[in-house]
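Asker: Quick one: the structure is below, questions incoming.
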Amino acid sequence: MNNMKRSAQRIFWLITLMFFLLLAAMAKLTFVDRQEISSNAYNPRLNYVDNSVKRGNIRDSNGDILAESVQNSENSYTRNYLRSRMAAHITGYSSKGKTGVEAAENFELQTAHNEVLQRIHHIFSGTPVQGNDVVLTIDMDIQSVAGNILGNKKGAVVVMEPSTGRILALQAYPDFDPNTVAENWERLRQDEDSSLVNRATQGLYPPGSTFKVITALAAVEYYSDWERFTYECTGQAIFENKVIHCYNNRVHGMVDMKKAIATSCNCYFAELGKRVGAENIRKKAEDFYFNENYPFVLAHSISQVALQKKSEENEIVETAIGQGKTLATPLHMAMVASAIANNGIMMKPYVVDHIQYYNGNASKTTVPEKLKQVISVEESDIITDMMISCVAEGTGTAAQIYGIEIAGKTGTAENATGNDHSWFIGFAPADNPQIAIAVMIENINQDGSATPIAGKVLQASLQKYQSNI
């Protein structure tokens with residue numbers, strides 16, 4: 001009898017525990033996860049439109065409206081995108097589902113602050129119940145400069161504030177008109193140019209020689225002889241069964257790491273990568289969030305480095321120069337440049353500055369957040385000095401700005417299906433970085449290099465954010 005009583009008690013407490021666990025899970029879904037669920041791309045309710053609430057505006061950092069709801073009738077609204085294609089990959093669209101900020105901040109845009117009071121006011125005055133506005137970090141002045149300079153070149157431009165992670169521009173082409181997505185859905189869905197894909201955050205490309213900054217930093221940490229290591233470049237070198245060429249088979253002669261960064265010597269970095277080793281290159285890349293997701297509200301791809309302990313020599317040397325199976329997004333490479341600029345601290349990237357209520361009050365202001373210290377201050381200084389030489393006298397001279405010292409790294413990534421891709425990452429001013437940038441141009445021709453584009457966008461950004469320039 002006592003055994004039955006004890007068993008009944010155990011069952012009672014087990015059921016009680018399960019009940020409270022279920023309550024806790026429901027509370028978490030309701031109060032903690034509701035915004036994430038609301039903005040999840042797989043949530044079918046993203047297609048649901050509550051016309052009893054006028055969807056909030058999306059604004060840029062200057063307060064200018066990028067997206068608004070225009071009333072058609074008493075309970076019907078049409079979403080209007082005032083900057084159209086220029087901000088399409090940021091705002092996203094809100095027909096045929098939702099993307100971009102429209103999806104990521106769906107909960108806020110559709111939520112009315114002081115809803116009861118607004119609905120009472122609506123009864124007496126007819127004023128619409130207004131959803132919250134989302135104010136972005138994006139500066140449309142810089143976004144527009146980047147878009148105009150990018151023109152019809154396929155690629156992306158990302159501009160960041162390295163000390164905070166605040167994104168000032170996130171431009172990509174091909175783009176689309178978010179006002180006409182519904183009408184053009186079938187064409188857009190089957191578009192060979194993938195206009196709906198945000199190349200800045202979702203496009204994965206071999207980073208080419210921009211990855212050499214990571215290889216160099218791996219050597220600084222794991223190869224004790226890196227300062228004395230020199231290499232005589234003859235324009236090409238054979239590693240196992242892989243022939244490595246310098247760009248246009250250029251002969252660089254005897255080079256150390258600084259000169260190799262400046263001249264972008266593939267042969268030097270292939271040999272350096274072999275000495276540093278597969279595991280160490282992978283570890284340093286993973287310090288910079290390769291092979292790992294990082295928090296960001298917009299849809300984004302994960303950059304990849306495929307090296308393993310048993311990787312063959314040809315895989316190591318290809319990765320060391322940013323080729324092979326190595327892939328990165330322009331946003332991620334802007335984060336790499338920002339971390340170097342910010343004394344080795346990688347900040348969490350963000351595009352939402354704050355939420356603004358219908359009465360003008362601000363809420364939920366984003367506080368800059370450190371992801372991690374990816375390299376030391378000393379290592380940051382070492383690689384910055386080398387990147388300065390790249391722009392001052394090496395392959396990056398087209399990014400120069402009169403009177404401003406730029407730190408940067410160029411890259412040319414081989415493309416098996418067409419012309420090479422062109423990259424540039426960097427920051428300025430080099431001694432007090434205010435702006436970091438990544439530019440990637442697909443399938444370049446003679447006038448399509450990323451480097452001069454980066455220089456022009458950097459100059460426009462600095463002119464706005466530094467009154468003395």
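If you're wondering about the labels, chains in the structure tokens are A, B, ... by order shown, residues count from 1 in each chain, ligands from 1 in order shown.
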For Ile138 (chain A), work out the shell of residues within 7 Å, counting only C-alpha atoms and skipping chain neighbours fewer than 4 positions away, then give it as an MDAnalysis selection string.

Answerer: chainID A and resid 60:61 167:169 351

Asker: Considering only strand (DSSP E) as DSSP defines it on the backbone, what residues of region 34-275 of chain A qualify? List them as a VMD selection string.

Answerer: chain A and resid 58 to 59 65 to 73 76 to 81 133 to 136 155 to 161 166 to 173 231 to 233 236 to 239 242 to 245 253 to 255

Asker: For a test of reading the model, state the distance in Å between CA of Gln171 (chain A) and CA of Val158 (chain A), rounded to one decimal.

Answerer: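 One can read the CA of Gln171 (chain A) to CA of Val158 (chain A) distance as 6.4 Å.
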
Asker: I'd like to know which residues of region 102-284 of chain A are alpha helix (DSSP H) (by DSSP, run on the backbone); could you write them as a ChimeraX atom specification?

Answerer: /A:102-104,106-110,115-125,140-150,185-189,199-202,212-222,257-263,266-276,278-284

Asker: For a quick check of understanding, using only C-alpha atoms, which of A:Met26, A:Leu82, A:Val439, A:Met347 has the smallest distance to Leu331 (chain A)?

Answerer: A:Val439

Asker: Out of A:Lys259, A:Lys456, A:Lys212, A:Arg275, which residue has the shortest atom-to-atom distance to Gly411 (chain A) when counting only C-alpha atoms?

Answerer: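 Going through A:Lys259, A:Lys456, A:Lys212, A:Arg275 one by one, the smallest distance to Gly411 (chain A) is for A:Lys212.
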
Asker: Which residues of region 135-170 of chain A have any atom within 12 Å of an atom in region 281-298 of chain A when counting only C-alpha atoms, and what is the closest pair of atoms for each, with the distance in Å to one decimal? Order the rows by chain and rising number and write it as CSV.

Answerer:
```
residue,atom,partner,partner_atom,distance
A:Leu136,CA,A:Val297,CA,11.8
A:Gly165,CA,A:Phe296,CA,10.6
A:Arg166,CA,A:Phe296,CA,11.3
A:Ile167,CA,A:Phe296,CA,11.0
A:Leu170,CA,A:Leu298,CA,11.0
```

Asker: Keeping only all heavy atoms, take the residues you just selected and write them out as a short mmCIF file (atom, residue, chain, number, x, y, z; two decimals), in the first residue's frame.

Answerer:
```
data_model
loop_
_atom_site.label_atom_id
_atom_site.label_comp_id
_atom_site.auth_asym_id
_atom_site.auth_seq_id
_atom_site.Cartn_x
_atom_site.Cartn_y
_atom_site.Cartn_z
N LEU A 136 16.19 53.16 -39.29
CA LEU A 136 17.39 52.39 -39.65
C LEU A 136 18.67 53.18 -39.41
O LEU A 136 18.65 54.40 -39.24
CB LEU A 136 17.31 51.96 -41.11
CG LEU A 136 16.05 51.21 -41.54
CD1 LEU A 136 16.14 50.85 -43.03
CD2 LEU A 136 15.84 49.95 -40.71
N GLY A 165 29.53 48.85 -35.34
CA GLY A 165 28.84 47.84 -36.14
C GLY A 165 27.65 48.41 -36.90
O GLY A 165 26.94 47.69 -37.60
N ARG A 166 27.45 49.73 -36.78
CA ARG A 166 26.33 50.39 -37.46
C ARG A 166 26.56 50.38 -38.97
O ARG A 166 27.60 50.81 -39.45
CB ARG A 166 26.23 51.83 -36.94
CG ARG A 166 25.02 52.60 -37.38
CD ARG A 166 24.85 53.85 -36.53
NE ARG A 166 25.99 54.75 -36.69
CZ ARG A 166 25.91 55.96 -37.25
NH1 ARG A 166 24.76 56.40 -37.72
NH2 ARG A 166 26.97 56.73 -37.34
N ILE A 167 25.58 49.89 -39.72
CA ILE A 167 25.70 49.81 -41.18
C ILE A 167 25.10 51.07 -41.80
O ILE A 167 23.94 51.40 -41.60
CB ILE A 167 25.01 48.55 -41.73
CG1 ILE A 167 25.74 47.31 -41.20
CG2 ILE A 167 24.99 48.55 -43.24
CD1 ILE A 167 25.16 46.01 -41.65
N LEU A 170 24.08 49.51 -47.57
CA LEU A 170 24.05 48.08 -47.90
C LEU A 170 23.44 47.98 -49.29
O LEU A 170 22.25 47.78 -49.45
CB LEU A 170 23.21 47.34 -46.86
CG LEU A 170 23.30 45.82 -46.80
CD1 LEU A 170 24.64 45.40 -46.19
CD2 LEU A 170 22.17 45.26 -45.96
#
```

Asker: Just how far from CA of Glu227 (chain A) is CA of Thr263 (chain A), in Å to one decimal?

Answerer: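 Those two atoms sit 17.2 Å apart.
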
Asker: Please compute the CA of Ser76 (chain A)-CA of Ala103 (chain A) distance, one decimal, in Å.

Answerer: 19.9 Å
